[in-house]
>>> print(open('model-v1.pdb').read())   # PDB, C-alpha atoms
ATOM      1  CA  MET A   1       0.000   0.000   0.000
ATOM      2  CA  ASN A   2       1.498   3.384  -0.945
ATOM      3  CA  MET A   3       1.946   6.112   1.626
ATOM      4  CA  LYS A   4      -0.749   8.366   0.196
ATOM      5  CA  ARG A   5      -3.343   5.592   0.403
ATOM      6  CA  ARG A   6      -2.210   4.681   3.913
ATOM      7  CA  ILE A   7      -2.547   8.284   5.062
ATOM      8  CA  TYR A   8      -6.034   8.389   3.573
ATOM      9  CA  ILE A   9      -7.134   5.229   5.392
ATOM     10  CA  ILE A  10      -5.686   6.426   8.695
ATOM     11  CA  ALA A  11      -7.420   9.783   8.356
ATOM     12  CA  VAL A  12     -10.810   8.321   7.505
ATOM     13  CA  VAL A  13     -10.747   5.437   9.989
ATOM     14  CA  ILE A  14      -9.618   7.648  12.847
ATOM     15  CA  CYS A  15     -12.177  10.327  12.017
ATOM     16  CA  ILE A  16     -14.997   7.795  11.897
ATOM     17  CA  GLY A  17     -14.100   6.828  15.459
ATOM     18  CA  LEU A  18     -13.181  10.333  16.553
ATOM     19  CA  PHE A  19     -16.692  11.302  17.576
ATOM     20  CA  SER A  20     -17.238   8.435  20.013
ATOM     21  CA  ALA A  21     -13.751   8.827  21.469
ATOM     22  CA  HIS A  22     -14.100  12.571  22.047
ATOM     23  CA  LEU A  23     -17.687  12.465  23.215
ATOM     24  CA  SER A  24     -17.241   9.776  25.811
ATOM     25  CA  PHE A  25     -13.691  10.294  27.064
ATOM     26  CA  ALA A  26     -13.965  14.101  27.193
ATOM     27  CA  ALA A  27     -17.288  14.102  29.030
ATOM     28  CA  THR A  28     -15.719  14.346  32.508
ATOM     29  CA  ASN A  29     -14.576  17.618  34.027
ATOM     30  CA  ALA A  30     -13.067  18.451  37.399
ATOM     31  CA  ARG A  31     -15.384  17.711  40.348
ATOM     32  CA  ASP A  32     -17.978  15.976  38.173
ATOM     33  CA  TYR A  33     -17.672  13.024  40.545
ATOM     34  CA  ILE A  34     -18.840  15.102  43.519
ATOM     35  CA  PRO A  35     -22.604  14.427  43.759
ATOM     36  CA  MET A  36     -25.142  17.193  44.202
ATOM     37  CA  PRO A  37     -27.881  16.864  46.855
ATOM     38  CA  SER A  38     -30.682  14.392  46.258
ATOM     39  CA  GLY A  39     -33.588  15.948  44.375
ATOM     40  CA  THR A  40     -31.367  18.358  42.403
ATOM     41  CA  PHE A  41     -32.036  18.717  38.676
ATOM     42  CA  LEU A  42     -29.031  19.780  36.591
ATOM     43  CA  PHE A  43     -29.120  20.878  32.970
ATOM     44  CA  CYS A  44     -25.855  21.395  31.083
ATOM     45  CA  THR A  45     -25.249  22.767  27.611
ATOM     46  CA  TYR A  46     -21.813  22.219  26.043
ATOM     47  CA  PHE A  47     -20.118  23.641  22.989
ATOM     48  CA  LYS A  48     -16.846  22.165  21.693
ATOM     49  CA  HIS A  49     -14.724  23.379  18.791
ATOM     50  CA  ILE A  50     -12.202  20.697  17.763
ATOM     51  CA  THR A  51      -9.478  21.207  15.161
ATOM     52  CA  ALA A  52      -6.599  19.130  13.775
ATOM     53  CA  ASN A  53      -3.979  19.868  11.121
ATOM     54  CA  SER A  54      -1.683  16.849  11.400
ATOM     55  CA  VAL A  55      -2.026  13.085  10.927
ATOM     56  CA  PHE A  56       0.298  10.723  12.823
ATOM     57  CA  SER A  57       1.272   7.113  12.115
ATOM     58  CA  GLU A  58       3.441   5.185  14.616
ATOM     59  CA  GLY A  59       4.346   8.462  16.285
ATOM     60  CA  GLN A  60       5.522  10.094  13.059
ATOM     61  CA  ARG A  61       3.771  13.031  11.422
ATOM     62  CA  VAL A  62       2.782  11.767   7.969
ATOM     63  CA  SER A  63       0.813  14.789   6.817
ATOM     64  CA  ASP A  64       0.522  18.473   7.688
ATOM     65  CA  ASP A  65      -1.770  19.175   4.749
ATOM     66  CA  TYR A  66      -4.886  18.195   6.636
ATOM     67  CA  ASN A  67      -7.720  20.308   7.964
ATOM     68  CA  PHE A  68     -10.258  18.860  10.369
ATOM     69  CA  THR A  69     -12.863  21.020  12.094
ATOM     70  CA  GLU A  70     -15.736  19.888  14.283
ATOM     71  CA  ASN A  71     -18.343  22.007  16.071
ATOM     72  CA  LEU A  72     -20.229  19.998  18.635
ATOM     73  CA  GLY A  73     -23.186  20.810  20.859
ATOM     74  CA  ILE A  74     -24.392  18.696  23.763
ATOM     75  CA  PHE A  75     -27.550  18.853  25.875
ATOM     76  CA  ARG A  76     -27.188  17.002  29.184
ATOM     77  CA  PRO A  77     -30.128  16.691  31.618
ATOM     78  CA  VAL A  78     -29.219  15.111  34.988
ATOM     79  CA  TYR A  79     -31.302  14.219  38.059
ATOM     80  CA  TYR A  80     -29.822  13.266  41.450
ATOM     81  CA  ALA A  81     -31.645  10.792  43.699
ATOM     82  CA  ASN A  82     -30.867   8.923  46.926
ATOM     83  CA  LEU A  83     -31.311   5.136  46.921
ATOM     84  CA  GLY A  84     -30.380   4.461  50.548
ATOM     85  CA  LYS A  85     -27.142   4.147  52.505
ATOM     86  CA  ALA A  86     -23.746   4.276  50.849
ATOM     87  CA  LEU A  87     -21.178   1.568  51.525
ATOM     88  CA  TYR A  88     -18.992   4.234  53.101
ATOM     89  CA  GLY A  89     -19.821   7.727  54.298
ATOM     90  CA  ASP A  90     -23.026   9.367  55.457
ATOM     91  CA  GLY A  91     -23.913  11.098  52.182
ATOM     92  CA  GLY A  92     -26.198   8.306  50.980
ATOM     93  CA  LEU A  93     -26.128   6.047  47.934
ATOM     94  CA  THR A  94     -26.667   8.703  45.274
ATOM     95  CA  VAL A  95     -27.469   8.018  41.609
ATOM     96  CA  ASP A  96     -27.804  10.502  38.735
ATOM     97  CA  PRO A  97     -29.577   9.122  35.618
ATOM     98  CA  GLN A  98     -28.816  11.318  32.616
ATOM     99  CA  ALA A  99     -28.432  11.543  28.857
ATOM    100  CA  LEU A 100     -26.057  13.210  26.395
ATOM    101  CA  ILE A 101     -27.860  14.489  23.303
ATOM    102  CA  LEU A 102     -25.281  15.344  20.654
ATOM    103  CA  PHE A 103     -25.366  17.339  17.428
ATOM    104  CA  GLY A 104     -22.989  19.271  15.252
ATOM    105  CA  ASP A 105     -21.032  19.465  12.030
ATOM    106  CA  ALA A 106     -17.572  18.399  10.861
ATOM    107  CA  ASN A 107     -15.389  19.059   7.822
ATOM    108  CA  ILE A 108     -12.148  17.582   6.442
ATOM    109  CA  ASP A 109     -10.003  18.608   3.496
ATOM    110  CA  GLY A 110      -6.366  18.482   2.437
ATOM    111  CA  ALA A 111      -3.893  16.092   0.828
ATOM    112  CA  ALA A 112      -4.431  13.467   3.553
ATOM    113  CA  VAL A 113      -7.889  12.831   2.095
ATOM    114  CA  GLY A 114      -6.856  13.097  -1.544
ATOM    115  CA  ASN A 115      -7.550  16.856  -1.705
ATOM    116  CA  ASN A 116     -11.230  16.048  -1.335
ATOM    117  CA  GLN A 117     -13.605  17.820   1.002
ATOM    118  CA  LEU A 118     -15.624  15.653   3.376
ATOM    119  CA  SER A 119     -18.373  17.070   5.543
ATOM    120  CA  SER A 120     -21.208  15.883   7.730
ATOM    121  CA  SER A 121     -23.792  17.481   9.985
ATOM    122  CA  GLY A 122     -26.763  16.463  12.080
ATOM    123  CA  ILE A 123     -27.269  14.273  15.149
ATOM    124  CA  ALA A 124     -24.478  12.159  16.641
ATOM    125  CA  ASP A 125     -25.025   8.972  18.639
ATOM    126  CA  PRO A 126     -26.783   9.738  21.976
ATOM    127  CA  ILE A 127     -25.396   8.391  25.248
ATOM    128  CA  LEU A 128     -27.266   7.141  28.330
ATOM    129  CA  LEU A 129     -25.504   6.880  31.683
ATOM    130  CA  ALA A 130     -25.829   7.084  35.456
ATOM    131  CA  THR A 131     -23.264   7.371  38.241
ATOM    132  CA  PHE A 132     -23.684   5.312  41.421
ATOM    133  CA  TRP A 133     -21.820   6.818  44.397
ATOM    134  CA  PHE A 134     -21.175   3.852  46.672
ATOM    135  CA  VAL A 135     -18.637   5.948  48.614
ATOM    136  CA  ASN A 136     -20.131   9.298  49.585
ATOM    137  CA  ASP A 137     -18.293  10.957  52.469
ATOM    138  CA  PRO A 138     -18.698  14.736  52.230
ATOM    139  CA  LYS A 139     -17.361  15.285  55.771
ATOM    140  CA  ASN A 140     -13.962  13.956  54.702
ATOM    141  CA  LYS A 141     -14.280  15.187  51.111
ATOM    142  CA  PHE A 142     -14.049  11.696  49.637
ATOM    143  CA  TRP A 143     -16.231  10.246  46.871
ATOM    144  CA  VAL A 144     -16.090   7.171  44.645
ATOM    145  CA  GLY A 145     -18.605   6.550  41.867
ATOM    146  CA  PHE A 146     -19.145   3.956  39.163
ATOM    147  CA  THR A 147     -20.656   5.011  35.822
ATOM    148  CA  PRO A 148     -21.847   2.710  33.025
ATOM    149  CA  TYR A 149     -22.216   4.510  29.677
ATOM    150  CA  VAL A 150     -24.222   3.141  26.748
ATOM    151  CA  THR A 151     -23.854   4.791  23.331
ATOM    152  CA  LEU A 152     -26.840   4.119  21.060
ATOM    153  CA  PRO A 153     -26.396   3.798  17.269
ATOM    154  CA  LEU A 154     -29.071   6.399  16.546
ATOM    155  CA  GLY A 155     -26.990   9.201  15.065
ATOM    156  CA  ASP A 156     -27.013  10.212  11.415
ATOM    157  CA  TYR A 157     -25.295   7.497   9.381
ATOM    158  CA  ASN A 158     -25.335   6.839   5.658
ATOM    159  CA  LYS A 159     -23.336   3.851   4.433
ATOM    160  CA  GLY A 160     -22.961   5.610   1.107
ATOM    161  CA  ARG A 161     -20.738   8.210   2.792
ATOM    162  CA  THR A 162     -17.198   7.822   4.137
ATOM    163  CA  PHE A 163     -17.746  10.470   6.832
ATOM    164  CA  ASN A 164     -20.671  10.436   9.277
ATOM    165  CA  LEU A 165     -21.553  11.877  12.668
ATOM    166  CA  GLY A 166     -23.029   8.535  13.716
ATOM    167  CA  ASN A 167     -20.877   5.424  14.143
ATOM    168  CA  ASN A 168     -23.477   2.735  13.314
ATOM    169  CA  ARG A 169     -22.490   0.617  16.310
ATOM    170  CA  TRP A 170     -23.089   0.254  20.031
ATOM    171  CA  ALA A 171     -20.484   1.323  22.564
ATOM    172  CA  PHE A 172     -20.268   0.459  26.270
ATOM    173  CA  LYS A 173     -18.014   2.272  28.701
ATOM    174  CA  PRO A 174     -17.607   1.401  32.399
ATOM    175  CA  GLU A 175     -15.945   4.186  34.380
ATOM    176  CA  LEU A 176     -14.694   4.626  37.946
ATOM    177  CA  GLY A 177     -14.274   8.111  39.368
ATOM    178  CA  ILE A 178     -12.521   9.040  42.625
ATOM    179  CA  VAL A 179     -12.388  12.525  44.168
ATOM    180  CA  LYS A 180     -10.473  13.546  47.318
ATOM    181  CA  GLY A 181     -10.365  16.963  48.866
ATOM    182  CA  LEU A 182      -6.896  18.278  49.688
ATOM    183  CA  GLY A 183      -7.082  20.835  52.444
ATOM    184  CA  GLU A 184      -9.616  23.628  52.242
ATOM    185  CA  LYS A 185      -9.398  24.628  48.580
ATOM    186  CA  ALA A 186      -8.021  21.821  46.385
ATOM    187  CA  TYR A 187      -9.458  18.596  44.962
ATOM    188  CA  LEU A 188      -7.837  15.739  43.086
ATOM    189  CA  ASP A 189      -9.861  13.603  40.651
ATOM    190  CA  LEU A 190      -8.793  10.254  39.212
ATOM    191  CA  VAL A 191     -10.965   8.695  36.494
ATOM    192  CA  LEU A 192     -10.387   5.234  34.979
ATOM    193  CA  ASN A 193     -12.419   3.942  32.049
ATOM    194  CA  GLY A 194     -12.600   1.610  29.093
ATOM    195  CA  GLU A 195     -14.839   1.629  26.028
ATOM    196  CA  PHE A 196     -15.981  -1.495  24.149
ATOM    197  CA  TYR A 197     -17.549  -1.562  20.684
ATOM    198  CA  THR A 198     -19.734  -3.731  18.532
ATOM    199  CA  ASP A 199     -18.947  -3.999  14.811
ATOM    200  CA  ASN A 200     -20.022  -1.614  12.089
ATOM    201  CA  ASN A 201     -21.080  -3.895   9.231
ATOM    202  CA  ASP A 202     -21.714  -1.021   6.803
ATOM    203  CA  PHE A 203     -18.415   0.843   6.849
ATOM    204  CA  ASN A 204     -17.582   2.705   3.630
ATOM    205  CA  THR A 205     -13.865   2.696   2.741
ATOM    206  CA  GLY A 206     -14.459   4.857  -0.316
ATOM    207  CA  SER A 207     -14.359   1.840  -2.614
ATOM    208  CA  ALA A 208     -16.440  -0.837  -0.846
ATOM    209  CA  ILE A 209     -18.886  -1.472   2.007
ATOM    210  CA  VAL A 210     -17.152  -3.714   4.549
ATOM    211  CA  LYS A 211     -17.115  -4.593   8.243
ATOM    212  CA  LYS A 212     -15.143  -2.420  10.630
ATOM    213  CA  SER A 213     -14.283  -3.658  14.116
ATOM    214  CA  GLN A 214     -12.384  -1.933  16.881
ATOM    215  CA  ASN A 215     -10.585  -3.120  20.004
ATOM    216  CA  PRO A 216     -11.400  -1.479  23.346
ATOM    217  CA  ILE A 217      -9.954   1.907  24.246
ATOM    218  CA  PHE A 218      -8.766   2.443  27.830
ATOM    219  CA  GLY A 219      -8.372   5.841  29.419
ATOM    220  CA  ILE A 220      -7.069   7.650  32.496
ATOM    221  CA  GLU A 221      -7.941  11.204  33.501
ATOM    222  CA  THR A 222      -6.684  13.339  36.360
ATOM    223  CA  HIS A 223      -7.971  16.761  37.372
ATOM    224  CA  LEU A 224      -6.286  18.919  39.993
ATOM    225  CA  SER A 225      -8.555  21.833  40.855
ATOM    226  CA  TYR A 226      -8.124  24.778  43.206
ATOM    227  CA  ASP A 227     -10.517  27.424  44.552
ATOM    228  CA  ILE A 228      -9.234  30.832  43.470
ATOM    229  CA  THR A 229     -12.109  32.605  45.211
ATOM    230  CA  LYS A 230     -15.463  31.520  46.587
ATOM    231  CA  ASN A 231     -16.990  31.644  43.080
ATOM    232  CA  TRP A 232     -13.990  30.772  40.864
ATOM    233  CA  TYR A 233     -11.880  27.666  40.578
ATOM    234  CA  ALA A 234      -9.400  26.377  38.018
ATOM    235  CA  SER A 235      -8.343  22.877  37.024
ATOM    236  CA  LEU A 236      -5.245  21.397  35.408
ATOM    237  CA  ASP A 237      -6.324  18.328  33.411
ATOM    238  CA  TYR A 238      -4.418  15.331  32.032
ATOM    239  CA  PHE A 239      -5.784  12.667  29.662
ATOM    240  CA  TYR A 240      -4.295   9.385  28.466
ATOM    241  CA  THR A 241      -5.866   6.883  26.044
ATOM    242  CA  HIS A 242      -4.567   3.578  24.759
ATOM    243  CA  GLY A 243      -5.885   0.845  22.476
ATOM    244  CA  GLY A 244      -8.609   0.953  19.876
ATOM    245  CA  GLU A 245      -6.849  -0.769  16.966
ATOM    246  CA  THR A 246      -9.275  -1.212  14.080
ATOM    247  CA  LYS A 247      -9.831  -3.892  11.461
ATOM    248  CA  VAL A 248     -11.358  -2.978   8.116
ATOM    249  CA  ALA A 249     -12.575  -5.981   6.098
ATOM    250  CA  GLY A 250     -10.609  -8.169   8.501
ATOM    251  CA  ILE A 251      -7.315  -6.330   7.876
ATOM    252  CA  LYS A 252      -5.570  -4.750  10.845
ATOM    253  CA  GLN A 253      -4.923  -1.057  10.309
ATOM    254  CA  ASN A 254      -2.002  -0.821  12.766
ATOM    255  CA  ASP A 255      -3.624   2.242  14.310
ATOM    256  CA  VAL A 256      -3.387   1.586  18.049
ATOM    257  CA  GLN A 257      -4.075   4.829  19.902
ATOM    258  CA  ASP A 258      -1.567   5.972  22.511
ATOM    259  CA  SER A 259      -2.247   9.623  23.216
ATOM    260  CA  HIS A 260      -1.497  12.160  25.929
ATOM    261  CA  GLY A 261      -3.428  15.374  26.405
ATOM    262  CA  LEU A 262      -3.179  18.371  28.719
ATOM    263  CA  GLY A 263      -5.973  20.767  29.491
ATOM    264  CA  LEU A 264      -6.854  23.835  31.531
ATOM    265  CA  SER A 265     -10.380  24.580  32.763
ATOM    266  CA  LEU A 266     -11.838  27.620  34.493
ATOM    267  CA  PHE A 267     -15.155  27.541  36.388
ATOM    268  CA  TRP A 268     -17.250  30.522  37.466
ATOM    269  CA  LEU A 269     -20.248  30.209  39.801
ATOM    270  CA  ILE A 270     -22.335  33.113  38.497
ATOM    271  CA  ASN A 271     -24.995  32.776  41.209
ATOM    272  CA  SER A 272     -26.551  30.015  43.301
ATOM    273  CA  ASN A 273     -28.108  28.347  40.215
ATOM    274  CA  ASN A 274     -25.709  28.972  37.320
ATOM    275  CA  GLN A 275     -22.137  28.019  36.538
ATOM    276  CA  LEU A 276     -20.007  28.746  33.452
ATOM    277  CA  MET A 277     -16.951  26.741  32.424
ATOM    278  CA  ILE A 278     -14.405  27.349  29.668
ATOM    279  CA  GLU A 279     -11.715  24.820  28.761
ATOM    280  CA  TYR A 280      -8.815  24.126  26.423
ATOM    281  CA  ARG A 281      -7.232  20.748  25.638
ATOM    282  CA  ASP A 282      -4.163  19.918  23.548
ATOM    283  CA  ASP A 283      -3.515  16.296  22.551
ATOM    284  CA  PHE A 284       0.209  16.951  22.426
ATOM    285  CA  ALA A 285       1.552  13.385  21.959
ATOM    286  CA  VAL A 286      -0.252  11.119  19.475
ATOM    287  CA  LYS A 287       0.904   7.731  18.185
ATOM    288  CA  ASN A 288      -1.765   7.165  15.525
ATOM    289  CA  GLY A 289      -4.478   9.539  14.411
ATOM    290  CA  LEU A 290      -5.107  13.228  14.721
ATOM    291  CA  GLY A 291      -3.306  15.791  16.852
ATOM    292  CA  THR A 292      -6.369  17.694  18.064
ATOM    293  CA  ASN A 293      -6.948  20.953  19.904
ATOM    294  CA  THR A 294     -10.244  21.521  21.685
ATOM    295  CA  PHE A 295     -11.845  24.731  22.913
ATOM    296  CA  GLY A 296     -14.973  24.201  24.976
ATOM    297  CA  ALA A 297     -17.578  25.950  27.081
ATOM    298  CA  ARG A 298     -20.281  24.652  29.414
ATOM    299  CA  TRP A 299     -23.234  26.353  31.006
ATOM    300  CA  ALA A 300     -24.793  24.511  33.948
ATOM    301  CA  TYR A 301     -28.154  25.362  35.524
ATOM    302  CA  PHE A 302     -29.217  23.520  38.671
ATOM    303  CA  PHE A 303     -32.197  23.731  40.972
TER     304      PHE A 303
END
>>> encode(input="model-v1.pdb", output="structure tokens")
Amino acid sequence: MNMKRRIYIIAVVICIGLFSAHLSFAATNARDYIPMPSGTFLFCTYFKHITANSVFSEGQRVSDDYNFTENLGIFRPVYYANLGKALYGDGGLTVDPQALILFGDANIDGAAVGNNQLSSSGIADPILLATFWFVNDPKNKFWVGFTPYVTLPLGDYNKGRTFNLGNNRWAFKPELGIVKGLGEKAYLDLVLNGEFYTDNNDFNTGSAIVKKSQNPIFGIETHLSYDITKNWYASLDYFYTHGGETKVAGIKQNDVQDSHGLGLSLFWLINSNNQLMIEYRDDFAVKNGLGTNTFGARWAYFF
């Protein structure tokens, strides 16, 4: 296979999986694993602007003539309820059933995709989830929660296109989140997760409709946050992902992900019911795929 064709396949295969990877693994922010009081309803609206200009293969940049842009919106309703006593702590066994409703648009052009322009817009695959806090100890500022995610193959997908917002497959992600308060103003979050996929039997390579399969992706996140004032706090964020090698028509693509990202987030409690967050993330070390930069904002309303 010549280099130009290999670059094309890497670009398309990674982009087809980019939505699920970004949507699920980037869904956690600092202090998300601190539960709100039972009976609280939380509504979040997110906007993310994701760009990439380079494609990497085995840690080497194989193309700089590549332009990827994605604008993503997310609606996220959440309700907190108490199911009884926690295994540890007096905060109660809290659960927060919720959904991520995703929509947006994405565009690719450049030599890495044969100087073509690919675009897609509409609804991405929605995600259902709920966190169960079996350790809930607010007195000692210590929380541990388990979250199962289920991604539904309901997003816009057309097997006649090589680029879609939907992935035409199910995804399942178990996640464990731990938060510990450090003194009066700081918190440390540790999040461990893995995502598992069913096959996409209608994957378009540009020349044929074939089956695409993908190995699980495993991730680690850490968030170190600090209260600047009573209403402001900032977080330094680190992300690591590994795995996710794909097979297209039974052929391994040698595209195992091994990526490191750093981020900075700033949170502002506007009043007792509203919070605004802005964030930036740079995936600065990428083995296979796209070197992305993400600017994001979140508005949260709770009552």
>>> atom_distance(input="model-v1.pdb", atom1="atom CA of A:Ile108", atom2="atom CA of A:Asp283")
18.3 Å
>>> closest_residue(input="model-v1.pdb", among="A:Pro97, A:Gly92, A:Glu70, A:Val78", to="A:Ala124", atoms="all atoms listed in the file")
A:Glu70
>>> atom_distance(input="model-v1.pdb", atom1="atom CA of A:Phe196", atom2="atom CA of A:Phe146")
16.3 Å
>>> closest_residue(input="model-v1.pdb", among="A:Trp170, A:Thr69, A:Thr45, A:Tyr79", to="A:Ile101", atoms="only C-alpha atoms")
A:Thr45
>>> residues_around(input="model-v1.pdb", residues="A:Ala30", least_positions_apart="6", cutoff="7 Å", atoms="all atoms listed in the file", output="list in words")
Asp189, His223, Ser225 and Ser235 of chain A
>>> resolve_selection(input="model-v1.pdb", expression="the PyMOL selection byres ((chain A and resi 285) around 7)", output="list of chain:residue names")
A:Ser259, A:His260, A:Gly261, A:Asp283, A:Phe284, A:Val286, A:Lys287
>>> residues_around(input="model-v1.pdb", residues="stretch 131-134 of chain A", least_positions_apart="2", cutoff="8 Å", atoms="only C-alpha atoms", output="ChimeraX atom specification")
/A:35,86-88,92-97,129,136,143-148
>>> closest_residue(input="model-v1.pdb", among="A:Asp90, A:Asp109, A:Glu195, A:Glu245", to="A:Asn67", atoms="all atoms listed in the file")
A:Asp109
>>> resolve_selection(input="model-v1.pdb", expression="the PyMOL selection byres ((chain A and resi 66) around 7)", output="list in words")
Asn53, Ser54, Ser63, Asp64, Asp65, Asn67, Phe68, Asp109, Gly110, Ala111 and Ala112 of chain A
